[in-house]
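Below is run-v3.cif, which holds mmCIF, C-alpha atoms.
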```
data_model
loop_
_atom_site.label_atom_id
_atom_site.label_comp_id
_atom_site.auth_asym_id
_atom_site.auth_seq_id
_atom_site.Cartn_x
_atom_site.Cartn_y
_atom_site.Cartn_z
CA MET D 1 18.35 -27.78 30.79
CA PRO D 2 19.46 -26.65 27.36
CA LYS D 3 19.63 -22.94 26.71
CA LYS D 4 16.97 -21.88 24.23
CA VAL D 5 18.14 -19.79 21.30
CA PRO D 6 15.30 -17.94 19.60
CA VAL D 7 14.80 -18.86 15.93
CA VAL D 8 15.43 -15.31 14.74
CA GLU D 9 18.74 -15.14 16.57
CA LYS D 10 19.81 -18.44 15.02
CA ILE D 11 18.93 -17.24 11.53
CA HIS D 12 21.04 -14.12 12.02
CA LYS D 13 23.98 -16.14 13.36
CA VAL D 14 23.97 -18.44 10.34
CA ASN D 15 23.60 -15.44 8.02
CA ASP D 16 26.52 -13.60 9.64
CA GLN D 17 28.73 -16.68 9.28
CA LEU D 18 27.88 -16.98 5.58
CA ALA D 19 28.46 -13.22 5.15
CA LEU D 20 31.99 -13.66 6.51
CA GLU D 21 32.58 -16.46 4.01
CA ASN D 22 31.26 -14.26 1.18
CA ARG D 23 33.62 -11.47 2.24
CA ALA D 24 36.56 -13.88 2.20
CA LYS D 25 35.67 -14.95 -1.36
CA LEU D 26 35.41 -11.33 -2.50
CA ASP D 27 38.74 -10.45 -0.89
CA GLU D 28 40.44 -13.47 -2.40
CA ALA D 29 39.13 -12.49 -5.84
CA GLY D 30 40.10 -8.83 -5.32
CA VAL D 31 36.60 -7.46 -5.97
CA PHE D 32 35.35 -4.38 -4.18
CA SER D 33 31.65 -4.83 -3.43
CA VAL D 34 28.72 -2.68 -2.47
CA ASN D 35 25.24 -3.60 -1.18
CA LEU D 36 22.73 -1.05 -2.49
CA MET D 37 19.60 -0.70 -0.38
CA ALA D 38 16.56 1.58 -0.78
CA SER D 39 12.78 1.83 -0.97
CA PRO D 40 11.16 0.64 -4.19
CA GLY D 41 11.85 3.11 -6.97
CA ALA D 42 14.42 5.23 -5.13
CA GLY D 43 16.89 4.76 -7.97
CA LYS D 44 19.05 1.71 -7.29
CA THR D 45 18.97 0.53 -10.91
CA SER D 46 19.40 4.07 -12.26
CA LEU D 47 22.47 4.51 -10.04
CA ILE D 48 23.86 1.23 -11.34
CA GLU D 49 23.20 2.21 -14.97
CA ARG D 50 24.94 5.56 -14.64
CA THR D 51 27.83 4.02 -12.70
CA LEU D 52 28.27 1.46 -15.49
CA LYS D 53 28.23 4.19 -18.15
CA THR D 54 30.83 6.20 -16.23
CA LEU D 55 33.18 3.45 -15.07
CA GLY D 56 32.42 0.61 -17.50
CA ASP D 57 35.44 1.29 -19.72
CA GLU D 58 37.82 1.55 -16.78
CA TYR D 59 36.71 -1.41 -14.67
CA ASN D 60 35.12 -4.82 -15.07
CA ILE D 61 31.82 -4.57 -13.24
CA ALA D 62 29.38 -7.28 -12.20
CA VAL D 63 25.85 -6.68 -10.96
CA ILE D 64 23.73 -9.00 -8.83
CA ASP D 65 20.05 -7.99 -8.76
CA GLY D 66 17.63 -9.08 -6.08
CA ASP D 67 13.93 -8.98 -6.85
CA LEU D 68 10.77 -10.75 -5.77
CA ALA D 69 9.97 -11.48 -9.39
CA SER D 70 10.98 -10.49 -12.94
CA SER D 71 14.44 -9.81 -14.42
CA ILE D 72 13.79 -6.16 -15.29
CA ASP D 73 16.72 -4.80 -13.28
CA ALA D 74 19.25 -7.41 -14.39
CA ASP D 75 18.17 -6.79 -18.00
CA ARG D 76 18.77 -3.05 -17.54
CA ALA D 77 22.20 -3.69 -15.99
CA ALA D 78 23.12 -6.09 -18.81
CA ALA D 79 21.95 -3.57 -21.41
CA ALA D 80 24.24 -1.00 -19.74
CA GLY D 81 27.20 -3.33 -20.23
CA ALA D 82 27.51 -5.29 -16.99
CA THR D 83 27.69 -9.01 -16.38
CA ALA D 84 24.40 -9.35 -14.52
CA VAL D 85 22.94 -12.11 -12.38
CA GLN D 86 19.31 -12.04 -11.26
CA ILE D 87 18.26 -13.48 -7.92
CA ASN D 88 14.50 -14.02 -7.65
CA THR D 89 13.81 -14.20 -3.95
CA GLY D 90 10.46 -15.91 -4.49
CA GLY D 91 8.61 -13.55 -2.19
CA SER D 92 11.34 -12.88 0.37
CA CYS D 93 11.60 -9.21 1.26
CA HIS D 94 15.41 -8.95 1.36
CA LEU D 95 18.58 -10.60 0.13
CA ASP D 96 20.61 -12.69 2.54
CA ALA D 97 24.17 -14.03 2.55
CA HIS D 98 23.05 -17.45 1.35
CA MET D 99 21.36 -16.01 -1.78
CA LEU D 100 24.49 -13.99 -2.55
CA ARG D 101 26.64 -17.10 -2.19
CA ASN D 102 24.42 -18.90 -4.71
CA ALA D 103 24.76 -15.96 -7.12
CA PHE D 104 28.57 -16.12 -6.80
CA ALA D 105 28.39 -19.56 -8.43
CA GLU D 106 27.20 -17.83 -11.62
CA LEU D 107 30.16 -15.44 -11.72
CA ASP D 108 33.90 -15.84 -12.13
CA LEU D 109 34.61 -13.30 -9.40
CA LYS D 110 38.33 -12.99 -10.27
CA LYS D 111 37.38 -11.33 -13.56
CA PHE D 112 35.81 -8.32 -11.85
CA ASP D 113 37.01 -5.17 -10.09
CA LEU D 114 33.63 -4.07 -8.76
CA LEU D 115 30.48 -5.90 -7.72
CA LEU D 116 27.27 -3.93 -7.27
CA VAL D 117 24.56 -5.83 -5.41
CA GLU D 118 21.05 -4.43 -5.75
CA ASN D 119 18.93 -5.49 -2.81
CA VAL D 120 15.13 -5.89 -2.83
CA GLY D 121 13.35 -2.52 -2.68
CA ASN D 122 12.53 -2.27 1.02
CA LEU D 123 13.48 0.21 3.74
CA VAL D 124 13.01 -2.26 6.59
CA CYS D 125 14.10 -5.85 6.15
CA PRO D 126 17.43 -5.67 4.25
CA SER D 127 19.08 -3.77 7.12
CA GLY D 128 18.98 -6.89 9.29
CA PHE D 129 20.94 -9.11 6.92
CA GLN D 130 24.63 -8.57 6.20
CA LEU D 131 25.64 -9.95 2.80
CA GLY D 132 29.41 -9.82 3.23
CA THR D 133 29.92 -6.88 0.87
CA HIS D 134 32.54 -4.28 1.80
CA LYS D 135 30.11 -1.38 2.08
CA ASN D 136 26.41 -0.91 2.72
CA VAL D 137 25.01 1.98 0.71
CA LEU D 138 21.55 3.45 1.27
CA ILE D 139 19.80 5.47 -1.43
CA ALA D 140 17.23 7.97 -0.19
CA SER D 141 14.95 9.60 -2.73
CA THR D 142 13.72 13.17 -2.26
CA PRO D 143 10.05 12.44 -3.23
CA GLU D 144 9.93 9.96 -0.31
CA GLY D 145 9.98 12.92 2.05
CA ASP D 146 12.32 14.31 4.67
CA ASP D 147 11.07 12.22 7.61
CA LYS D 148 12.47 8.85 6.57
CA PRO D 149 15.48 8.74 8.95
CA TYR D 150 13.09 9.21 11.87
CA LYS D 151 10.66 6.54 10.62
CA TYR D 152 13.18 3.92 9.43
CA PRO D 153 16.00 4.43 11.93
CA LYS D 154 17.48 0.94 11.73
CA MET D 155 18.18 1.34 8.03
CA TYR D 156 19.76 4.76 8.52
CA GLN D 157 21.85 3.45 11.39
CA ASN D 158 23.46 0.53 9.63
CA VAL D 159 24.99 2.02 6.49
CA ASP D 160 28.41 3.29 5.43
CA VAL D 161 27.27 5.70 2.73
CA LEU D 162 24.06 7.63 2.04
CA ILE D 163 23.07 8.77 -1.44
CA ILE D 164 20.29 11.36 -1.69
CA ASN D 165 18.88 10.81 -5.18
CA LYS D 166 16.45 12.85 -7.33
CA THR D 167 17.81 16.21 -6.22
CA ASP D 168 16.49 17.52 -9.57
CA LEU D 169 12.95 17.29 -8.13
CA LEU D 170 13.78 19.23 -4.93
CA SER D 171 12.38 22.56 -6.11
CA LEU D 172 8.95 20.92 -6.56
CA LEU D 173 8.85 19.18 -3.19
CA SER D 174 8.43 20.34 0.37
CA PHE D 175 11.60 18.49 1.40
CA ASP D 176 13.38 20.14 4.35
CA MET D 177 17.03 19.15 3.86
CA GLU D 178 18.01 20.49 7.30
CA TYR D 179 15.39 18.32 9.07
CA PHE D 180 16.42 15.27 7.01
CA THR D 181 20.14 15.80 7.67
CA LYS D 182 19.53 16.31 11.39
CA GLY D 183 17.87 12.90 11.56
CA VAL D 184 20.72 11.25 9.68
CA GLU D 185 23.29 12.94 11.94
CA ILE D 186 21.58 11.63 15.09
CA LEU D 187 21.57 8.05 13.76
CA SER D 188 24.89 7.99 11.89
CA PRO D 189 27.12 10.90 12.89
CA GLY D 190 29.48 11.98 10.13
CA LEU D 191 27.95 9.64 7.55
CA THR D 192 29.46 10.03 4.06
CA THR D 193 26.62 11.52 2.01
CA PHE D 194 26.25 12.23 -1.72
CA PRO D 195 23.29 14.33 -2.90
CA LEU D 196 22.91 13.68 -6.62
CA SER D 197 20.56 13.11 -9.52
CA CYS D 198 20.85 9.90 -11.53
CA GLN D 199 18.63 11.59 -14.12
CA THR D 200 20.69 14.74 -14.78
CA GLY D 201 24.06 13.53 -13.48
CA ASP D 202 24.31 16.48 -11.11
CA GLY D 203 26.51 15.56 -8.12
CA PHE D 204 27.35 12.15 -9.58
CA ASP D 205 31.11 12.79 -9.77
CA ALA D 206 31.47 12.71 -5.98
CA TRP D 207 29.97 9.18 -5.85
CA ILE D 208 32.26 8.04 -8.68
CA ASP D 209 35.31 9.56 -6.94
CA TRP D 210 34.39 7.74 -3.75
CA LEU D 211 34.07 4.41 -5.60
CA ASP D 212 37.38 5.05 -7.37
CA THR D 213 39.15 5.76 -4.09
CA GLN D 214 37.68 2.66 -2.47
CA MET D 215 38.83 0.46 -5.34
CA MET D 216 42.30 1.92 -5.34
CA SER D 217 42.77 1.48 -1.61
CA ASP D 218 41.36 -2.04 -1.99
CA GLU D 219 44.19 -3.11 -4.32
CA MET S 1 2.71 -39.73 12.17
CA PRO S 2 1.50 -36.17 12.84
CA LYS S 3 1.19 -33.86 9.88
CA LYS S 4 3.71 -31.05 10.03
CA VAL S 5 2.33 -27.54 9.60
CA PRO S 6 5.04 -25.04 8.63
CA VAL S 7 5.46 -22.18 11.08
CA VAL S 8 4.68 -19.54 8.44
CA GLU S 9 1.40 -21.24 7.57
CA LYS S 10 0.46 -21.36 11.25
CA ILE S 11 1.20 -17.65 11.67
CA HIS S 12 -1.02 -16.80 8.71
CA LYS S 13 -3.83 -19.01 10.02
CA VAL S 14 -3.80 -17.28 13.42
CA ASN S 15 -3.62 -13.89 11.73
CA ASP S 16 -6.57 -14.67 9.44
CA GLN S 17 -8.64 -15.77 12.44
CA LEU S 18 -7.87 -12.52 14.28
CA ALA S 19 -8.62 -10.55 11.11
CA LEU S 20 -12.10 -12.10 11.01
CA GLU S 21 -12.63 -11.08 14.63
CA ASN S 22 -11.48 -7.53 13.83
CA ARG S 23 -13.93 -7.39 10.93
CA ALA S 24 -16.77 -8.51 13.19
CA LYS S 25 -15.91 -5.73 15.67
CA LEU S 26 -15.84 -3.13 12.89
CA ASP S 27 -19.16 -4.33 11.48
CA GLU S 28 -20.75 -4.34 14.90
CA ALA S 29 -19.61 -0.77 15.47
CA GLY S 30 -20.71 0.29 11.97
CA VAL S 31 -17.29 1.63 10.95
CA PHE S 32 -16.12 1.38 7.34
CA SER S 33 -12.39 0.67 7.34
CA VAL S 34 -9.52 0.84 4.90
CA ASN S 35 -5.98 -0.57 5.08
CA LEU S 36 -3.60 1.82 3.27
CA MET S 37 -0.43 0.20 1.97
CA ALA S 38 2.49 1.67 0.00
CA SER S 39 6.25 2.10 -0.24
CA PRO S 40 7.85 4.56 2.18
CA GLY S 41 6.98 8.08 1.15
CA ALA S 42 4.36 7.23 -1.49
CA GLY S 43 1.86 9.51 0.24
CA LYS S 44 -0.16 7.49 2.75
CA THR S 45 -0.12 10.24 5.36
CA SER S 46 -0.75 12.94 2.77
CA LEU S 47 -3.78 11.01 1.50
CA ILE S 48 -5.05 10.73 5.06
CA GLU S 49 -4.52 14.44 5.72
CA ARG S 50 -6.40 15.52 2.60
CA THR S 51 -9.19 12.98 3.22
CA LEU S 52 -9.58 14.38 6.76
CA LYS S 53 -9.73 17.93 5.44
CA THR S 54 -12.36 16.96 2.88
CA LEU S 55 -14.57 14.64 4.93
CA GLY S 56 -13.75 15.65 8.49
CA ASP S 57 -16.87 17.81 8.92
CA GLU S 58 -19.18 15.17 7.49
CA TYR S 59 -17.87 12.05 9.22
CA ASN S 60 -16.15 11.03 12.43
CA ILE S 61 -12.82 9.63 11.33
CA ALA S 62 -10.24 7.63 13.26
CA VAL S 63 -6.70 6.91 12.10
CA ILE S 64 -4.42 4.07 13.22
CA ASP S 65 -0.80 4.60 12.18
CA GLY S 66 1.74 1.79 11.96
CA ASP S 67 5.41 2.70 12.09
CA LEU S 68 8.68 1.10 13.12
CA ALA S 69 9.40 4.08 15.33
CA SER S 70 8.25 7.67 15.97
CA SER S 71 4.74 9.13 16.09
CA ILE S 72 5.21 11.53 13.15
CA ASP S 73 2.28 10.17 11.12
CA ALA S 74 -0.17 9.95 14.04
CA ASP S 75 0.79 13.51 15.01
CA ARG S 76 0.04 14.68 11.45
CA ALA S 77 -3.32 12.86 11.45
CA ALA S 78 -4.22 14.36 14.85
CA ALA S 79 -3.21 17.82 13.65
CA ALA S 80 -5.57 17.33 10.70
CA GLY S 81 -8.42 16.64 13.10
CA ALA S 82 -8.57 12.87 13.49
CA THR S 83 -8.58 10.73 16.59
CA ALA S 84 -5.23 9.02 16.00
CA VAL S 85 -3.60 5.96 17.53
CA GLN S 86 0.05 5.13 16.90
CA ILE S 87 1.25 1.53 16.73
CA ASN S 88 5.01 1.23 16.98
CA THR S 89 5.81 -2.17 15.53
CA GLY S 90 9.21 -2.28 17.22
CA GLY S 91 11.03 -3.25 14.05
CA SER S 92 8.34 -5.38 12.42
CA CYS S 93 7.95 -4.61 8.72
CA HIS S 94 4.15 -4.75 8.55
CA LEU S 95 1.01 -4.47 10.65
CA ASP S 96 -0.87 -7.63 11.55
CA ALA S 97 -4.36 -8.36 12.84
CA HIS S 98 -3.13 -8.70 16.42
CA MET S 99 -1.59 -5.21 16.40
CA LEU S 100 -4.81 -3.78 15.03
CA ARG S 101 -6.82 -5.53 17.72
CA ASN S 102 -4.59 -3.93 20.36
CA ALA S 103 -5.11 -0.53 18.78
CA PHE S 104 -8.90 -1.03 18.90
CA ALA S 105 -8.61 -1.04 22.68
CA GLU S 106 -7.60 2.64 22.47
CA LEU S 107 -10.66 3.63 20.44
CA ASP S 108 -14.40 3.67 21.07
CA LEU S 109 -15.14 2.27 17.60
CA LYS S 110 -18.88 3.03 17.82
CA LYS S 111 -18.08 6.75 17.72
CA PHE S 112 -16.61 6.58 14.21
CA ASP S 113 -17.89 6.31 10.64
CA LEU S 114 -14.54 5.72 8.99
CA LEU S 115 -11.28 4.12 10.11
CA LEU S 116 -8.13 4.71 8.06
CA VAL S 117 -5.30 2.31 8.90
CA GLU S 118 -1.87 3.37 7.68
CA ASN S 119 0.36 0.35 7.30
CA VAL S 120 4.18 0.36 7.59
CA GLY S 121 5.83 1.74 4.43
CA ASN S 122 6.73 -1.46 2.60
CA LEU S 123 5.75 -2.86 -0.80
CA VAL S 124 6.40 -6.48 0.19
CA CYS S 125 5.45 -7.69 3.65
CA PRO S 126 2.07 -6.01 4.39
CA SER S 127 0.40 -7.87 1.48
CA GLY S 128 0.70 -11.17 3.35
CA PHE S 129 -1.24 -10.05 6.44
CA GLN S 130 -4.95 -9.33 6.36
CA LEU S 131 -5.99 -6.89 9.09
CA GLY S 132 -9.75 -7.38 8.90
CA THR S 133 -10.46 -4.01 7.28
CA HIS S 134 -13.16 -3.85 4.60
CA LYS S 135 -10.86 -2.78 1.80
CA ASN S 136 -7.15 -2.98 1.00
CA VAL S 137 -5.92 0.14 -0.78
CA LEU S 138 -2.51 0.41 -2.44
CA ILE S 139 -0.92 3.79 -3.13
CA ALA S 140 1.58 3.84 -5.99
CA SER S 141 3.72 6.93 -6.43
CA THR S 142 4.80 8.08 -9.89
CA PRO S 143 8.46 8.82 -8.93
CA GLU S 144 8.79 5.14 -7.94
CA GLY S 145 8.67 4.25 -11.63
CA ASP S 146 6.33 2.40 -13.96
CA ASP S 147 7.76 -1.10 -13.39
CA LYS S 148 6.48 -1.66 -9.85
CA PRO S 149 3.53 -3.97 -10.69
CA TYR S 150 5.98 -6.31 -12.44
CA LYS S 151 8.47 -6.24 -9.56
CA TYR S 152 6.04 -6.39 -6.61
CA PRO S 153 3.27 -8.56 -8.09
CA LYS S 154 1.95 -9.93 -4.80
CA MET S 155 1.11 -6.46 -3.55
CA TYR S 156 -0.59 -5.49 -6.80
CA GLN S 157 -2.55 -8.74 -6.80
CA ASN S 158 -4.07 -8.47 -3.37
CA VAL S 159 -5.74 -5.07 -3.30
CA ASP S 160 -9.24 -3.70 -3.90
CA VAL S 161 -8.28 -0.19 -4.94
CA LEU S 162 -5.18 1.41 -6.46
CA ILE S 163 -4.31 5.07 -6.03
CA ILE S 164 -1.66 6.53 -8.33
CA ASN S 165 -0.32 9.49 -6.37
CA LYS S 166 1.96 12.41 -7.33
CA THR S 167 0.49 12.80 -10.81
CA ASP S 168 1.65 16.45 -10.58
CA LEU S 169 5.22 15.19 -11.11
CA LEU S 170 4.42 13.10 -14.21
CA SER S 171 5.64 15.68 -16.74
CA LEU S 172 9.10 15.51 -15.16
CA LEU S 173 9.38 11.73 -15.05
CA SER S 174 9.85 9.02 -17.65
CA PHE S 175 6.79 7.17 -16.34
CA ASP S 176 5.01 5.15 -19.04
CA MET S 177 1.40 4.99 -17.83
CA GLU S 178 0.46 2.43 -20.49
CA TYR S 179 3.19 0.03 -19.37
CA PHE S 180 2.26 0.52 -15.71
CA THR S 181 -1.47 0.01 -16.38
CA LYS S 182 -0.79 -3.12 -18.45
CA GLY S 183 1.03 -4.66 -15.50
CA VAL S 184 -1.81 -3.77 -13.12
CA GLU S 185 -4.38 -5.21 -15.55
CA ILE S 186 -2.54 -8.55 -15.76
CA LEU S 187 -2.40 -8.90 -11.97
CA SER S 188 -5.75 -7.36 -11.00
CA PRO S 189 -8.09 -7.13 -14.00
CA GLY S 190 -10.56 -4.26 -13.72
CA LEU S 191 -8.99 -2.86 -10.53
CA THR S 192 -10.63 0.38 -9.35
CA THR S 193 -7.91 3.00 -9.89
CA PHE S 194 -7.67 6.67 -8.93
CA PRO S 195 -4.83 8.77 -10.41
CA LEU S 196 -4.51 11.86 -8.24
CA SER S 197 -2.23 14.33 -6.52
CA CYS S 198 -2.44 14.76 -2.75
CA GLN S 199 -0.35 17.90 -3.24
CA THR S 200 -2.55 19.77 -5.73
CA GLY S 201 -5.83 17.94 -5.10
CA ASP S 202 -6.16 17.04 -8.77
CA GLY S 203 -8.25 13.87 -9.18
CA PHE S 204 -8.96 13.68 -5.43
CA ASP S 205 -12.75 13.96 -5.84
CA ALA S 206 -13.01 10.49 -7.39
CA TRP S 207 -11.36 8.94 -4.29
CA ILE S 208 -13.67 10.89 -2.00
CA ASP S 209 -16.73 9.85 -4.04
CA TRP S 210 -15.65 6.21 -3.80
CA LEU S 211 -15.23 6.49 0.01
CA ASP S 212 -18.62 8.21 0.27
CA THR S 213 -20.33 5.48 -1.73
CA GLN S 214 -18.68 2.75 0.33
CA MET S 215 -19.81 4.36 3.58
CA MET S 216 -23.35 4.81 2.36
CA SER S 217 -23.69 1.22 1.15
CA ASP S 218 -22.15 0.10 4.45
CA GLU S 219 -25.01 1.58 6.46
#
```

Could you write out this file's structure as structure tokens?
Amino acid sequence: MPKKVPVVEKIHKVNDQLALENRAKLDEAGVFSVNLMASPGAGKTSLIERTLKTLGDEYNIAVIDGDLASSIDADRAAAAGATAVQINTGGSCHLDAHMLRNAFAELDLKKFDLLLVENVGNLVCPSGFQLGTHKNVLIASTPEGDDKPYKYPKMYQNVDVLIINKTDLLSLLSFDMEYFTKGVEILSPGLTTFPLSCQTGDGFDAWIDWLDTQMMSDE
Amino acid sequence: MPKKVPVVEKIHKVNDQLALENRAKLDEAGVFSVNLMASPGAGKTSLIERTLKTLGDEYNIAVIDGDLASSIDADRAAAAGATAVQINTGGSCHLDAHMLRNAFAELDLKKFDLLLVENVGNLVCPSGFQLGTHKNVLIASTPEGDDKPYKYPKMYQNVDVLIINKTDLLSLLSFDMEYFTKGVEILSPGLTTFPLSCQTGDGFDAWIDWLDTQMMSDE
């Protein structure tokens, strides 16, 4: 009797294979790439805008934006100076490796030093789908509250870097940084974390330094 | 040749059937019920807490909390005086009618006037799954930004009531209420909308009045 492979498992296997192929293309082109994940409105596009303003003269940067509908984010990235490609997922709640591969067809990857991929705003589904990027970056937002690591553990477990955005609002919120950090530490011990504000720029240098270091070691 | 029915369509058909059965159970028990949907951290639990504080003496209120993991929200609802049931979805990104039916088994529905169902924090997936509740309520949060109706149109299209929470932070944010409202109006013309702050209580009366009216007309 044939062994039955559940549909979900099959989908993940195919996705992982395509993610490996994406990674090979990125490596061949010499592009360092980041998958930005977060809840809706946590600041993915704002982080991209400020990163473009800070590093846009130094590096050639491409942005791939995933959204259910609209091209608002890609328009913002293009206005901030990036070569931007919009993926409309047509209702799907996350990007996958296949969508990223299709977006690659719109870009001459060799021309770029850095690729920022903005995933669909969702703290659940994107964590299950590797895209093939070099790093997975999660953006937490202080108004979301301090309990998110405990409530969305899979997302907090499967990332390489955590950005805590909107620190400028902290004084107005009942956000217990110790409780939040404890949750993160349980799920991802020693996780590289950057508290910052995309609005004021406070703390942003540490994120830029990290990106810089990654790109240099990538060469 | 047999007609092929896509798997997704089948899932929705089964869910809709179960949702109808849930509705019948709620009607039979005389409970008015609301499905609360929002991004992570938009204020679903805070809305529930303040609603319990305001109406808890007048009505018997039950809360069903959907989360990937943890019982943080159900614990908060119980601490605020509700009979609370936690559904751990085990990774699933939304509640469905089957999960709600299972939660009903933990409650003597006849004892309650109002049932508040807190969906998983997600602005995409919950909109596709009716639970059988009388009303679908979406909570937007001002720090999420004013572009959310345009980026998550399906969610904004399929709700009966919109709450705009965290209005106390508006003066600190670049949130264009006119742009936001225009998007809502395109997707859901004439949608009942309550701008409020669960933190300060500002605007909360209108939400309470609406709930009161619904419960009275339900009798």

Please identify all residues of chain S having at least one atom at most 10 Å from any atom of chain D, considering all atoms listed in the file, and return them as an mmCIF file with C-alpha atoms, in the coordinates of the input.
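File written: result-v6.cif
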```
data_model
loop_
_atom_site.group_PDB
_atom_site.id
_atom_site.type_symbol
_atom_site.label_atom_id
_atom_site.label_comp_id
_atom_site.auth_asym_id
_atom_site.auth_seq_id
_atom_site.Cartn_x
_atom_site.Cartn_y
_atom_site.Cartn_z
ATOM 1 C CA ALA S 38 2.490 1.670 0.000
ATOM 2 C CA SER S 39 6.250 2.100 -0.240
ATOM 3 C CA PRO S 40 7.850 4.560 2.180
ATOM 4 C CA GLY S 41 6.980 8.080 1.150
ATOM 5 C CA ALA S 42 4.360 7.230 -1.490
ATOM 6 C CA GLY S 43 1.860 9.510 0.240
ATOM 7 C CA ASP S 67 5.410 2.700 12.090
ATOM 8 C CA LEU S 68 8.680 1.100 13.120
ATOM 9 C CA ALA S 69 9.400 4.080 15.330
ATOM 10 C CA SER S 70 8.250 7.670 15.970
ATOM 11 C CA SER S 71 4.740 9.130 16.090
ATOM 12 C CA ILE S 72 5.210 11.530 13.150
ATOM 13 C CA ASP S 73 2.280 10.170 11.120
ATOM 14 C CA GLY S 91 11.030 -3.250 14.050
ATOM 15 C CA SER S 92 8.340 -5.380 12.420
ATOM 16 C CA CYS S 93 7.950 -4.610 8.720
ATOM 17 C CA HIS S 94 4.150 -4.750 8.550
ATOM 18 C CA VAL S 120 4.180 0.360 7.590
ATOM 19 C CA GLY S 121 5.830 1.740 4.430
ATOM 20 C CA ASN S 122 6.730 -1.460 2.600
ATOM 21 C CA LEU S 123 5.750 -2.860 -0.800
ATOM 22 C CA VAL S 124 6.400 -6.480 0.190
ATOM 23 C CA CYS S 125 5.450 -7.690 3.650
ATOM 24 C CA GLY S 128 0.700 -11.170 3.350
ATOM 25 C CA SER S 141 3.720 6.930 -6.430
ATOM 26 C CA THR S 142 4.800 8.080 -9.890
ATOM 27 C CA PRO S 143 8.460 8.820 -8.930
ATOM 28 C CA GLU S 144 8.790 5.140 -7.940
ATOM 29 C CA GLY S 145 8.670 4.250 -11.630
ATOM 30 C CA ASP S 146 6.330 2.400 -13.960
ATOM 31 C CA ASP S 147 7.760 -1.100 -13.390
ATOM 32 C CA LYS S 148 6.480 -1.660 -9.850
ATOM 33 C CA PRO S 149 3.530 -3.970 -10.690
ATOM 34 C CA TYR S 150 5.980 -6.310 -12.440
ATOM 35 C CA LYS S 151 8.470 -6.240 -9.560
ATOM 36 C CA TYR S 152 6.040 -6.390 -6.610
ATOM 37 C CA PRO S 153 3.270 -8.560 -8.090
ATOM 38 C CA LYS S 154 1.950 -9.930 -4.800
ATOM 39 C CA LYS S 166 1.960 12.410 -7.330
ATOM 40 C CA ASP S 168 1.650 16.450 -10.580
ATOM 41 C CA LEU S 169 5.220 15.190 -11.110
ATOM 42 C CA LEU S 172 9.100 15.510 -15.160
ATOM 43 C CA LEU S 173 9.380 11.730 -15.050
ATOM 44 C CA SER S 174 9.850 9.020 -17.650
ATOM 45 C CA GLN S 199 -0.350 17.900 -3.240
#
```

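Closest approach to Thr193 in chain D among D:Leu211, D:Ala105, D:Met216, D:Ile163: D:Ile163, based on all atoms listed in the file.
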
Report task. For the structure provided, state which residues fall under the PyMOL selection byres ((chain D and resi 46-61) around 9), and present them as a count of residues only. Result -> 30

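For the pair CA of Phe175 in chain S and CA of Thr181 in chain D, the separation is 28.8 Å.
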
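Going from CA of Met177 in chain D over to CA of Ile164 in chain D, you cover 10.1 Å.
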
Query raised in the report: Between D:Leu131, D:Leu109, D:Leu95, D:Ile87, which has the minimum distance to Gln17 in chain D (counting only C-alpha atoms)?
Result: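 Answer, going by the shortest atom-to-atom distance: D:Leu131.
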